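Report on the structure given below.
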Amino acid sequence: MAREAAIGELPQMVLVVGVAGSGKSTVGRLLAERLGWEYQDADAFHSEANRAKMAAGQALTDDDRGPWLEAIGEWMDRSIAAGRQAVVTCSALKRDYRDELLAGRHGVLLVYLHGSRALLRSRLAARDGHFFPADLLDSQLAVLQEPEPDEHPLVVEIDQPPEAAVAAVLSLMPGEPAVGAPPAGPDTDRAARVGASASPSLTGASWRLVRGDQSAAVVQLGGALRDYTVNGRPLLDGYSAGSAVTGGRGQLLVPWPNRVGDGRYRFDGRSLQLPLTEVEKGNAIHGLLRWALWQPLARTEDSVMLGTTLCPQPGYPFLLDVRVEYRLGPDGLSAAVHATNTGTGPAPYGAGQHPYLTVGTDLVDSAALTVPARYLLRTDNRGLPVGREPVDGTPYDFRTARPIGDLRLDTAFTGLDRAPDGRATVRLAHPSGLRGVDLWLGEGTRYVQVYTGDTLPEPERRRGVAVEAMSCPPDAFHSGTDLTVLQPGATHVLRWGLSPWGYA
């Protein structure tokens, strides 16, 4: 099993793994060049029989790969014994293969290059003269066992140039400064080494993402999204650098969104009590990670991944590994929140995020809102659901765009109408109808909370519309409604994003 290198200490060796077409050889060679290390491609250890078999379109078996893995391991041992730092690339599709290469070899860092089937296939189709034919890709994906959290992999997406993938690996490596960053000194923390701002802040380090006319800022405190602009125009009612977070702006809501009444719930035969963080209403609100400092895991010019561990604690005696990735793409900003149960028993789980949208109006009243939902949740004066009802005939029917007016919204919606791609889209449009922003709700989203900020302090009141992607309704820990139960080793994913229009 892989072992993480000590903070501030470079690993002895980097093992780059992934299926054919993921760019292992290119990324591995570039990485070795950047580090000034030795490089070796595991393909060099294949027997002529293995090469001929693959060239004929036949997938290798475990028996075929056994001697190959043994030869790679022997080369790794010779390099380590000689004190040579090196980068080695190997498909290592199965967990057993990686365990064989990593067991007993301390100081070896595992890097996994991840990409979609379509991207991998297109890369293989464009490759000429390689012994591995594109038709064998499906056989590799069929046996692939992606690295698990206990292997401590550094996961890098391949939908970027090889140089950017290498920069992401370098940003992750202990002891290695990010591209363009000053050398790490004894007082330089990991956040600074992955391109974070170094100045003191009430929200910790921050990362600025840029792609074309888009710009976004992510902060270490709570892994929150601080701002998002297109052509210099803000699409989020966020906050300035150096300011404190108010109103939950951009915060991640894990392991539950919204409220848990009285903070009490039963799970797996136990009665549990959460701290009451909305004291005036007697609720536990918005999870346990809003005020934690998240650590950077990967960084490119237009993306950043942060992570943290939610340790067992009073009211939530469960262990989760949580990560969030923000990425700017051609269509806007996307966010993906992954939570993996790394404990030994099942864990209750829900997730959400709390951005405030703006289209540049002083107040939200004149902005046009569209919410493609058939039902709303009625709540009591503590914000806890007391029933579900159709939006038909109510002031809360926003299936057709209309101005918000003076309507006070702090409302959860469900029964979301989705497009063929599986996304539901909430739209906030400028009164002119010429520009706006869409917040799409993807994988893992079953509810959306819309809040016009009427209970915020006066300077912030009704300045933006919070549109909160949620996996479950308020009070799900108590009611059990659409609550996710994460089994050991299982992962939940919540995806949402922002698509601006009319700002070109």
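The chains in the structure tokens are called A, B, ... from first to last as shown; in each chain the residues are counted from 1, and the ligands are counted from 1 in the order shown.
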Next on the checklist: DSSP on the backbone, strand (DSSP E) only: what residues of segment 81-176 of chain A does that give? Format it as a PyMOL selection string.
Outcome noted: chain A and resi 86-90+108-114+154-157
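Look at segment 352-362 of chain A: the protein and nucleic acid residues within 6 Å of it, using only C-alpha atoms and passing over chain neighbours fewer than 2 places away, are Leu235, Leu236, Asp237, Arg249, Gly250, Gln251, Leu252, Leu253, Pro257, His430, Gly436, Gly464, Val465, Ala466, Glu468, Ala469 and Met470 of chain A.
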Residues as selected, N, CA, C and O atoms, written as a short mmCIF file (atom, residue, chain, number, x, y, z; two decimals), in the first residue's frame, can you do that?
```
data_model
loop_
_atom_site.label_atom_id
_atom_site.label_comp_id
_atom_site.auth_asym_id
_atom_site.auth_seq_id
_atom_site.Cartn_x
_atom_site.Cartn_y
_atom_site.Cartn_z
N LEU A 235 -21.25 37.64 -10.94
CA LEU A 235 -22.47 36.84 -11.01
C LEU A 235 -22.80 36.21 -9.67
O LEU A 235 -23.83 35.56 -9.54
N LEU A 236 -21.93 36.42 -8.69
CA LEU A 236 -22.21 35.99 -7.32
C LEU A 236 -22.18 37.21 -6.41
O LEU A 236 -21.32 38.08 -6.55
N ASP A 237 -23.12 37.27 -5.48
CA ASP A 237 -23.08 38.25 -4.40
C ASP A 237 -22.16 37.65 -3.33
O ASP A 237 -22.62 37.03 -2.38
N ARG A 249 -22.37 32.57 2.52
CA ARG A 249 -22.03 32.82 1.12
C ARG A 249 -21.01 31.82 0.56
O ARG A 249 -19.88 31.76 1.00
N GLY A 250 -21.46 31.05 -0.43
CA GLY A 250 -20.58 30.13 -1.13
C GLY A 250 -20.14 28.93 -0.34
O GLY A 250 -19.32 28.13 -0.81
N GLN A 251 -20.66 28.74 0.87
CA GLN A 251 -20.14 27.69 1.75
C GLN A 251 -20.65 26.31 1.36
O GLN A 251 -21.75 26.15 0.83
N LEU A 252 -19.83 25.30 1.65
CA LEU A 252 -20.21 23.91 1.48
C LEU A 252 -20.94 23.43 2.72
O LEU A 252 -20.52 23.72 3.85
N LEU A 253 -22.03 22.69 2.51
CA LEU A 253 -22.89 22.24 3.59
C LEU A 253 -22.78 20.72 3.70
O LEU A 253 -23.49 19.98 3.02
N PRO A 257 -27.29 19.57 4.59
CA PRO A 257 -27.65 20.95 4.26
C PRO A 257 -28.82 21.39 5.10
O PRO A 257 -29.57 20.56 5.64
N HIS A 430 -31.58 39.33 -15.72
CA HIS A 430 -31.69 40.78 -15.58
C HIS A 430 -33.06 41.23 -16.09
O HIS A 430 -33.63 40.60 -16.99
N GLY A 436 -27.97 37.06 -17.89
CA GLY A 436 -28.34 36.37 -16.66
C GLY A 436 -27.39 35.24 -16.37
O GLY A 436 -26.34 35.09 -17.00
N GLY A 464 -28.89 39.54 -3.15
CA GLY A 464 -28.68 38.41 -4.04
C GLY A 464 -29.66 37.31 -3.70
O GLY A 464 -30.34 37.36 -2.66
N VAL A 465 -29.76 36.33 -4.57
CA VAL A 465 -30.65 35.19 -4.36
C VAL A 465 -29.80 33.95 -4.12
O VAL A 465 -29.05 33.54 -5.02
N ALA A 466 -29.89 33.39 -2.92
CA ALA A 466 -29.19 32.13 -2.65
C ALA A 466 -29.94 31.00 -3.35
O ALA A 466 -31.14 30.83 -3.14
N GLU A 468 -29.46 27.08 -3.59
CA GLU A 468 -28.66 26.08 -2.90
C GLU A 468 -28.99 24.68 -3.42
O GLU A 468 -30.07 24.15 -3.17
N ALA A 469 -28.04 24.08 -4.14
CA ALA A 469 -28.17 22.68 -4.54
C ALA A 469 -28.13 21.81 -3.29
O ALA A 469 -27.25 21.97 -2.44
N MET A 470 -29.08 20.87 -3.16
CA MET A 470 -29.13 20.02 -1.97
C MET A 470 -29.43 18.58 -2.39
O MET A 470 -30.24 18.34 -3.28
#
```
Checklist entry - Can you list, as number ranges by chain, every residue of segment 260-482 of chain A that DSSP puts in alpha helix (DSSP H)? => result A: 476-479
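Here atom CA of Asn381 of chain A is placed at a distance of 24.6 Å from atom CA of Leu369 of chain A.
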Find the spatial neighbours of Arg98 of chain A, counting only C-alpha atoms, within a cut-off of 12 Å - ignore same-chain residues fewer than 2 positions away - and output them as an mmCIF file with all heavy atoms, in the first residue's frame.
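Everything below was put into selection.cif:
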```cif
data_model
loop_
_atom_site.group_PDB
_atom_site.id
_atom_site.type_symbol
_atom_site.label_atom_id
_atom_site.label_comp_id
_atom_site.auth_asym_id
_atom_site.auth_seq_id
_atom_site.Cartn_x
_atom_site.Cartn_y
_atom_site.Cartn_z
ATOM 1 N N MET A 1 0.852 -1.202 0.000
ATOM 2 C CA MET A 1 0.000 0.000 0.000
ATOM 3 C C MET A 1 0.880 1.242 0.000
ATOM 4 O O MET A 1 1.938 1.279 0.617
ATOM 5 C CB MET A 1 -0.892 -0.021 1.256
ATOM 6 C CG MET A 1 -1.920 1.106 1.324
ATOM 7 S SD MET A 1 -2.895 1.005 2.844
ATOM 8 C CE MET A 1 -3.587 -0.637 2.689
ATOM 9 N N ALA A 2 0.431 2.251 -0.708
ATOM 10 C CA ALA A 2 1.224 3.483 -0.807
ATOM 11 C C ALA A 2 1.341 4.165 0.542
ATOM 12 O O ALA A 2 0.467 4.075 1.382
ATOM 13 C CB ALA A 2 0.596 4.428 -1.827
ATOM 14 N N LEU A 15 4.926 6.763 -8.917
ATOM 15 C CA LEU A 15 4.331 5.745 -9.777
ATOM 16 C C LEU A 15 3.091 6.350 -10.423
ATOM 17 O O LEU A 15 2.122 6.671 -9.743
ATOM 18 C CB LEU A 15 3.959 4.507 -8.960
ATOM 19 C CG LEU A 15 3.199 3.406 -9.710
ATOM 20 C CD1 LEU A 15 4.049 2.818 -10.834
ATOM 21 C CD2 LEU A 15 2.763 2.303 -8.731
ATOM 22 N N VAL A 16 3.132 6.536 -11.747
ATOM 23 C CA VAL A 16 2.019 7.130 -12.492
ATOM 24 C C VAL A 16 1.217 6.014 -13.129
ATOM 25 O O VAL A 16 1.754 5.230 -13.930
ATOM 26 C CB VAL A 16 2.534 8.103 -13.576
ATOM 27 C CG1 VAL A 16 1.361 8.749 -14.303
ATOM 28 C CG2 VAL A 16 3.424 9.178 -12.951
ATOM 29 N N VAL A 17 -0.077 5.921 -12.782
ATOM 30 C CA VAL A 17 -0.909 4.825 -13.276
ATOM 31 C C VAL A 17 -2.118 5.362 -14.035
ATOM 32 O O VAL A 17 -2.517 6.515 -13.862
ATOM 33 C CB VAL A 17 -1.376 3.909 -12.121
ATOM 34 C CG1 VAL A 17 -0.193 3.385 -11.329
ATOM 35 C CG2 VAL A 17 -2.355 4.631 -11.189
ATOM 36 N N GLY A 18 -2.702 4.498 -14.858
ATOM 37 C CA GLY A 18 -3.887 4.853 -15.628
ATOM 38 C C GLY A 18 -4.025 3.924 -16.813
ATOM 39 O O GLY A 18 -3.078 3.213 -17.182
ATOM 40 N N LEU A 69 4.953 -7.513 -13.767
ATOM 41 C CA LEU A 69 4.925 -6.746 -12.523
ATOM 42 C C LEU A 69 6.149 -7.052 -11.662
ATOM 43 O O LEU A 69 6.715 -6.159 -11.020
ATOM 44 C CB LEU A 69 3.642 -7.053 -11.754
ATOM 45 C CG LEU A 69 2.340 -6.552 -12.390
ATOM 46 C CD1 LEU A 69 1.134 -7.157 -11.691
ATOM 47 C CD2 LEU A 69 2.263 -5.026 -12.318
ATOM 48 N N GLU A 70 6.566 -8.314 -11.667
ATOM 49 C CA GLU A 70 7.756 -8.693 -10.889
ATOM 50 C C GLU A 70 8.992 -7.966 -11.402
ATOM 51 O O GLU A 70 9.816 -7.478 -10.620
ATOM 52 C CB GLU A 70 7.951 -10.207 -10.964
ATOM 53 C CG GLU A 70 9.091 -10.715 -10.093
ATOM 54 C CD GLU A 70 9.202 -12.227 -10.121
ATOM 55 O OE1 GLU A 70 8.262 -12.887 -10.618
ATOM 56 O OE2 GLU A 70 10.234 -12.758 -9.659
ATOM 57 N N ILE A 72 9.084 -5.071 -12.992
ATOM 58 C CA ILE A 72 8.975 -3.652 -12.634
ATOM 59 C C ILE A 72 9.383 -3.452 -11.174
ATOM 60 O O ILE A 72 10.123 -2.524 -10.828
ATOM 61 C CB ILE A 72 7.537 -3.139 -12.863
ATOM 62 C CG1 ILE A 72 7.150 -3.256 -14.333
ATOM 63 C CG2 ILE A 72 7.395 -1.686 -12.397
ATOM 64 C CD1 ILE A 72 5.662 -3.077 -14.575
ATOM 65 N N GLY A 73 8.888 -4.331 -10.300
ATOM 66 C CA GLY A 73 9.220 -4.229 -8.878
ATOM 67 C C GLY A 73 10.704 -4.366 -8.627
ATOM 68 O O GLY A 73 11.277 -3.655 -7.779
ATOM 69 N N THR A 89 6.054 4.711 -14.954
ATOM 70 C CA THR A 89 4.661 4.666 -15.382
ATOM 71 C C THR A 89 4.249 3.219 -15.599
ATOM 72 O O THR A 89 5.033 2.401 -16.108
ATOM 73 C CB THR A 89 4.450 5.456 -16.675
ATOM 74 O OG1 THR A 89 5.278 4.921 -17.706
ATOM 75 C CG2 THR A 89 4.786 6.918 -16.472
ATOM 76 N N CYS A 90 3.010 2.920 -15.214
ATOM 77 C CA CYS A 90 2.497 1.555 -15.330
ATOM 78 C C CYS A 90 0.974 1.615 -15.310
ATOM 79 O O CYS A 90 0.391 2.388 -14.537
ATOM 80 C CB CYS A 90 3.011 0.699 -14.177
ATOM 81 S SG CYS A 90 2.432 -1.018 -14.218
ATOM 82 N N SER A 91 0.317 0.796 -16.125
ATOM 83 C CA SER A 91 -1.152 0.822 -16.131
ATOM 84 C C SER A 91 -1.704 0.440 -14.762
ATOM 85 O O SER A 91 -2.609 1.101 -14.247
ATOM 86 C CB SER A 91 -1.702 -0.106 -17.214
ATOM 87 O OG SER A 91 -1.162 -1.409 -17.074
ATOM 88 N N ALA A 92 -1.160 -0.626 -14.146
ATOM 89 C CA ALA A 92 -1.557 -1.033 -12.779
ATOM 90 C C ALA A 92 -3.059 -0.918 -12.580
ATOM 91 O O ALA A 92 -3.533 -0.226 -11.687
ATOM 92 C CB ALA A 92 -0.796 -0.196 -11.750
ATOM 93 N N LEU A 93 -3.807 -1.637 -13.413
ATOM 94 C CA LEU A 93 -5.256 -1.473 -13.452
ATOM 95 C C LEU A 93 -5.954 -1.941 -12.179
ATOM 96 O O LEU A 93 -6.939 -1.364 -11.755
ATOM 97 C CB LEU A 93 -5.821 -2.240 -14.651
ATOM 98 C CG LEU A 93 -5.270 -1.857 -16.033
ATOM 99 C CD1 LEU A 93 -5.818 -2.789 -17.098
ATOM 100 C CD2 LEU A 93 -5.627 -0.424 -16.349
ATOM 101 N N LYS A 94 -5.449 -3.002 -11.571
ATOM 102 C CA LYS A 94 -6.123 -3.594 -10.419
ATOM 103 C C LYS A 94 -5.433 -3.199 -9.118
ATOM 104 O O LYS A 94 -4.242 -2.909 -9.086
ATOM 105 C CB LYS A 94 -6.147 -5.121 -10.541
ATOM 106 C CG LYS A 94 -6.964 -5.651 -11.712
ATOM 107 C CD LYS A 94 -6.997 -7.175 -11.708
ATOM 108 C CE LYS A 94 -7.803 -7.729 -12.860
ATOM 109 N NZ LYS A 94 -7.840 -9.218 -12.836
ATOM 110 N N ARG A 95 -6.214 -3.246 -8.056
ATOM 111 C CA ARG A 95 -5.668 -2.939 -6.730
ATOM 112 C C ARG A 95 -4.548 -3.906 -6.388
ATOM 113 O O ARG A 95 -3.514 -3.499 -5.827
ATOM 114 C CB ARG A 95 -6.791 -3.016 -5.693
ATOM 115 C CG ARG A 95 -6.329 -2.897 -4.225
ATOM 116 C CD ARG A 95 -5.760 -1.507 -3.958
ATOM 117 N NE ARG A 95 -5.238 -1.387 -2.623
ATOM 118 C CZ ARG A 95 -5.878 -0.810 -1.592
ATOM 119 N NH1 ARG A 95 -7.084 -0.314 -1.771
ATOM 120 N NH2 ARG A 95 -5.332 -0.718 -0.411
ATOM 121 N N ASP A 96 -4.699 -5.210 -6.748
ATOM 122 C CA ASP A 96 -3.652 -6.188 -6.436
ATOM 123 C C ASP A 96 -2.339 -5.832 -7.113
ATOM 124 O O ASP A 96 -1.257 -6.023 -6.539
ATOM 125 C CB ASP A 96 -4.091 -7.587 -6.881
ATOM 126 C CG ASP A 96 -5.170 -8.174 -5.985
ATOM 127 O OD1 ASP A 96 -5.400 -7.615 -4.894
ATOM 128 O OD2 ASP A 96 -5.772 -9.191 -6.379
ATOM 129 N N GLU A 100 1.144 -4.899 -5.168
ATOM 130 C CA GLU A 100 2.393 -5.616 -5.414
ATOM 131 C C GLU A 100 3.552 -4.650 -5.671
ATOM 132 O O GLU A 100 4.672 -4.870 -5.228
ATOM 133 C CB GLU A 100 2.231 -6.563 -6.605
ATOM 134 C CG GLU A 100 3.480 -7.378 -6.905
ATOM 135 C CD GLU A 100 3.263 -8.443 -7.968
ATOM 136 O OE1 GLU A 100 2.099 -8.782 -8.235
ATOM 137 O OE2 GLU A 100 4.263 -8.927 -8.523
ATOM 138 N N LEU A 101 3.267 -3.562 -6.375
ATOM 139 C CA LEU A 101 4.309 -2.592 -6.695
ATOM 140 C C LEU A 101 4.656 -1.672 -5.525
ATOM 141 O O LEU A 101 5.771 -1.155 -5.458
ATOM 142 C CB LEU A 101 3.891 -1.740 -7.897
ATOM 143 C CG LEU A 101 3.765 -2.484 -9.230
ATOM 144 C CD1 LEU A 101 3.243 -1.534 -10.301
ATOM 145 C CD2 LEU A 101 5.102 -3.083 -9.644
ATOM 146 N N LEU A 102 3.720 -1.486 -4.616
ATOM 147 C CA LEU A 102 3.920 -0.502 -3.549
ATOM 148 C C LEU A 102 4.236 -1.120 -2.191
ATOM 149 O O LEU A 102 4.798 -0.456 -1.332
ATOM 150 C CB LEU A 102 2.687 0.397 -3.432
ATOM 151 C CG LEU A 102 2.379 1.252 -4.671
ATOM 152 C CD1 LEU A 102 1.015 1.919 -4.527
ATOM 153 C CD2 LEU A 102 3.447 2.298 -4.862
ATOM 154 N N ALA A 103 3.841 -2.372 -1.972
ATOM 155 C CA ALA A 103 4.012 -2.990 -0.654
ATOM 156 C C ALA A 103 5.490 -3.046 -0.263
ATOM 157 O O ALA A 103 6.330 -3.536 -1.023
ATOM 158 C CB ALA A 103 3.414 -4.395 -0.650
ATOM 159 N N GLY A 104 5.785 -2.506 0.905
ATOM 160 C CA GLY A 104 7.145 -2.549 1.414
ATOM 161 C C GLY A 104 8.081 -1.533 0.802
ATOM 162 O O GLY A 104 9.251 -1.476 1.181
ATOM 163 N N ARG A 105 7.586 -0.774 -0.150
ATOM 164 C CA ARG A 105 8.431 0.241 -0.791
ATOM 165 C C ARG A 105 7.965 1.614 -0.332
ATOM 166 O O ARG A 105 7.089 2.230 -0.952
ATOM 167 C CB ARG A 105 8.359 0.105 -2.316
ATOM 168 C CG ARG A 105 8.881 -1.238 -2.823
ATOM 169 C CD ARG A 105 8.833 -1.351 -4.330
ATOM 170 N NE ARG A 105 9.425 -2.610 -4.763
ATOM 171 C CZ ARG A 105 8.735 -3.679 -5.177
ATOM 172 N NH1 ARG A 105 7.402 -3.614 -5.222
ATOM 173 N NH2 ARG A 105 9.353 -4.783 -5.531
ATOM 174 N N VAL A 108 7.050 5.884 -2.014
ATOM 175 C CA VAL A 108 6.565 5.861 -3.397
ATOM 176 C C VAL A 108 5.205 6.555 -3.431
ATOM 177 O O VAL A 108 4.288 6.191 -2.698
ATOM 178 C CB VAL A 108 6.444 4.426 -3.940
ATOM 179 C CG1 VAL A 108 5.930 4.448 -5.383
ATOM 180 C CG2 VAL A 108 7.788 3.712 -3.862
ATOM 181 N N LEU A 109 5.086 7.568 -4.263
ATOM 182 C CA LEU A 109 3.867 8.363 -4.371
ATOM 183 C C LEU A 109 3.056 7.876 -5.566
ATOM 184 O O LEU A 109 3.607 7.702 -6.661
ATOM 185 C CB LEU A 109 4.241 9.831 -4.552
ATOM 186 C CG LEU A 109 3.153 10.884 -4.382
ATOM 187 C CD1 LEU A 109 2.599 10.901 -2.973
ATOM 188 C CD2 LEU A 109 3.711 12.256 -4.751
ATOM 189 N N LEU A 110 1.752 7.647 -5.365
ATOM 190 C CA LEU A 110 0.877 7.137 -6.417
ATOM 191 C C LEU A 110 0.125 8.290 -7.080
ATOM 192 O O LEU A 110 -0.546 9.074 -6.414
ATOM 193 C CB LEU A 110 -0.118 6.144 -5.817
ATOM 194 C CG LEU A 110 -1.135 5.513 -6.781
ATOM 195 C CD1 LEU A 110 -0.423 4.654 -7.825
ATOM 196 C CD2 LEU A 110 -2.150 4.677 -6.007
ATOM 197 N N VAL A 111 0.245 8.393 -8.412
ATOM 198 C CA VAL A 111 -0.474 9.397 -9.193
ATOM 199 C C VAL A 111 -1.388 8.664 -10.167
ATOM 200 O O VAL A 111 -0.930 7.798 -10.935
ATOM 201 C CB VAL A 111 0.492 10.310 -9.973
ATOM 202 C CG1 VAL A 111 -0.295 11.232 -10.915
ATOM 203 C CG2 VAL A 111 1.342 11.127 -9.012
ATOM 204 N N TYR A 112 -2.683 8.995 -10.146
ATOM 205 C CA TYR A 112 -3.663 8.352 -11.034
ATOM 206 C C TYR A 112 -4.178 9.363 -12.038
ATOM 207 O O TYR A 112 -4.719 10.411 -11.664
ATOM 208 C CB TYR A 112 -4.815 7.781 -10.205
ATOM 209 C CG TYR A 112 -5.982 7.290 -11.032
ATOM 210 C CD1 TYR A 112 -5.800 6.413 -12.097
ATOM 211 C CD2 TYR A 112 -7.279 7.687 -10.726
ATOM 212 C CE1 TYR A 112 -6.876 5.957 -12.842
ATOM 213 C CE2 TYR A 112 -8.367 7.232 -11.465
ATOM 214 C CZ TYR A 112 -8.151 6.365 -12.529
ATOM 215 O OH TYR A 112 -9.228 5.921 -13.260
ATOM 216 N N LEU A 144 -10.535 -2.317 -14.697
ATOM 217 C CA LEU A 144 -9.978 -1.211 -13.913
ATOM 218 C C LEU A 144 -10.618 -1.113 -12.531
ATOM 219 O O LEU A 144 -11.838 -1.119 -12.401
ATOM 220 C CB LEU A 144 -10.190 0.111 -14.661
ATOM 221 C CG LEU A 144 -9.814 1.386 -13.900
ATOM 222 C CD1 LEU A 144 -8.312 1.426 -13.639
ATOM 223 C CD2 LEU A 144 -10.272 2.624 -14.654
ATOM 224 N N GLN A 145 -9.779 -1.043 -11.516
ATOM 225 C CA GLN A 145 -10.213 -0.735 -10.149
ATOM 226 C C GLN A 145 -9.523 0.565 -9.772
ATOM 227 O O GLN A 145 -8.325 0.580 -9.508
ATOM 228 C CB GLN A 145 -9.827 -1.873 -9.191
ATOM 229 C CG GLN A 145 -10.509 -3.185 -9.502
ATOM 230 C CD GLN A 145 -9.953 -4.342 -8.682
ATOM 231 O OE1 GLN A 145 -8.805 -4.326 -8.229
ATOM 232 N NE2 GLN A 145 -10.765 -5.366 -8.484
ATOM 233 N N GLU A 146 -10.283 1.657 -9.774
ATOM 234 C CA GLU A 146 -9.672 2.961 -9.518
ATOM 235 C C GLU A 146 -9.084 3.010 -8.110
ATOM 236 O O GLU A 146 -9.627 2.399 -7.179
ATOM 237 C CB GLU A 146 -10.700 4.067 -9.701
ATOM 238 C CG GLU A 146 -11.168 4.219 -11.145
ATOM 239 C CD GLU A 146 -11.990 5.473 -11.352
ATOM 240 O OE1 GLU A 146 -12.820 5.777 -10.478
ATOM 241 O OE2 GLU A 146 -11.798 6.142 -12.384
ATOM 242 N N PRO A 147 -7.967 3.724 -7.933
ATOM 243 C CA PRO A 147 -7.358 3.826 -6.601
ATOM 244 C C PRO A 147 -8.346 4.312 -5.552
ATOM 245 O O PRO A 147 -9.169 5.196 -5.819
ATOM 246 C CB PRO A 147 -6.229 4.841 -6.819
ATOM 247 C CG PRO A 147 -5.871 4.688 -8.254
ATOM 248 C CD PRO A 147 -7.170 4.416 -8.955
ATOM 249 N N GLU A 148 -8.253 3.730 -4.376
ATOM 250 C CA GLU A 148 -9.152 4.047 -3.275
ATOM 251 C C GLU A 148 -8.475 5.026 -2.310
ATOM 252 O O GLU A 148 -7.257 5.194 -2.333
ATOM 253 C CB GLU A 148 -9.550 2.758 -2.560
ATOM 254 C CG GLU A 148 -10.254 1.759 -3.477
ATOM 255 C CD GLU A 148 -10.545 0.461 -2.777
ATOM 256 O OE1 GLU A 148 -11.051 0.495 -1.632
ATOM 257 O OE2 GLU A 148 -10.248 -0.608 -3.348
ATOM 258 N N GLU A 151 -5.228 4.332 -0.500
ATOM 259 C CA GLU A 151 -4.003 4.274 -1.284
ATOM 260 C C GLU A 151 -3.356 5.655 -1.410
ATOM 261 O O GLU A 151 -2.278 5.786 -1.984
ATOM 262 C CB GLU A 151 -4.286 3.712 -2.687
ATOM 263 C CG GLU A 151 -4.767 2.277 -2.683
ATOM 264 C CD GLU A 151 -5.063 1.775 -4.089
ATOM 265 O OE1 GLU A 151 -4.110 1.455 -4.824
ATOM 266 O OE2 GLU A 151 -6.254 1.718 -4.468
ATOM 267 N N HIS A 152 -4.053 6.682 -0.926
ATOM 268 C CA HIS A 152 -3.570 8.069 -0.957
ATOM 269 C C HIS A 152 -3.149 8.499 -2.363
ATOM 270 O O HIS A 152 -2.048 9.038 -2.556
ATOM 271 C CB HIS A 152 -2.403 8.259 0.013
ATOM 272 C CG HIS A 152 -2.697 7.804 1.408
ATOM 273 N ND1 HIS A 152 -3.653 8.415 2.192
ATOM 274 C CD2 HIS A 152 -2.196 6.786 2.149
ATOM 275 C CE1 HIS A 152 -3.714 7.790 3.358
ATOM 276 N NE2 HIS A 152 -2.849 6.803 3.357
ATOM 277 N N PRO A 153 -4.008 8.278 -3.368
ATOM 278 C CA PRO A 153 -3.607 8.673 -4.722
ATOM 279 C C PRO A 153 -3.722 10.178 -4.930
ATOM 280 O O PRO A 153 -4.564 10.843 -4.331
ATOM 281 C CB PRO A 153 -4.642 7.945 -5.595
ATOM 282 C CG PRO A 153 -5.880 7.924 -4.745
ATOM 283 C CD PRO A 153 -5.376 7.735 -3.316
#
```
Checklist outcome for this item: One residue among A:Leu434, A:Leu441, A:Leu363, A:Val260 is nearest to Arg418 of chain A when using only C-alpha atoms, and that residue is A:Leu441
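Considering the residues A:His492, A:Arg299, A:Arg29, A:Arg435 and counting only C-alpha atoms, Val210 of chain A has its shortest atom-to-atom contact with A:Arg299.
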Next on the checklist: Please list as a ChimeraX atom specification every residue within 10 Å of Arg427 of chain A, counting only C-alpha atoms and excluding residues in the same chain fewer than 3 positions away.
Outcome noted: /A:357,367-372,398,401,424,436-440,467,498-500
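Of note, atom CA of Ser47 of chain A and atom CA of Ile80 of chain A are spaced 23.7 Å apart.
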Item to check | Ala490 of chain A surroundings by only C-alpha atoms, 7 Å radius, close-in-sequence under 3 positions cut, as a ChimeraX atom specification | outcome: /A:340-341,486-487
Pull N, CA and C atoms from the residues just selected and write them as a CSV table (one decimal), in the first residue's frame.
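The new file out.csv reads:
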```
chain,number,residue,atom,x,y,z
A,340,THR,N,-16.5,10.3,0.8
A,340,THR,CA,-16.3,8.9,0.9
A,340,THR,C,-16.3,8.5,2.4
A,341,ASN,N,-17.1,7.4,2.7
A,341,ASN,CA,-17.1,6.9,4.0
A,341,ASN,C,-15.9,6.0,4.2
A,486,LEU,N,-24.3,6.2,3.6
A,486,LEU,CA,-23.1,5.9,3.0
A,486,LEU,C,-22.5,4.6,3.7
A,487,GLN,N,-22.4,3.5,2.9
A,487,GLN,CA,-21.8,2.3,3.5
A,487,GLN,C,-20.3,2.5,3.4
```
Checklist entry - Do you have the atom CA of Arg34 of chain A-atom CA of Val88 of chain A distance handy? => result 14.1 Å
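Excluding Gly415 of chain A itself and same-chain residues fewer than 2 positions from it, the residues having an atom within 10 Å of it are Pro372, Ala373, Arg374, Tyr375, Leu376, Pro390, Phe413, Asp417, Arg418, Arg446, Tyr447 and Val448 of chain A, counting only C-alpha atoms.
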Checklist entry - So which residues touch Arg378 of chain A within 8 Å, counting only C-alpha atoms, skipping near sequence neighbours fewer than 5 positions away, as a VMD selection string? => result chain A and resid 385 to 389 411
Checklist outcome for this item: Min atom-atom distance to Arg402 of chain A from the set A:Ala419, A:Leu124, A:Ala429, A:Leu221, counting only C-alpha atoms, belongs to A:Ala429
Checklist outcome for this item: Shortest contact to Thr61 of chain A, candidates A:Gly232, A:Gln85, A:Ser139, A:Glu38, atoms counted only C-alpha atoms, goes to A:Ser139
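Residue nearest Gly453 of chain A, chosen from A:Asp302, A:Ile158, A:Leu409, A:Ala284 and counting only C-alpha atoms: A:Leu409.
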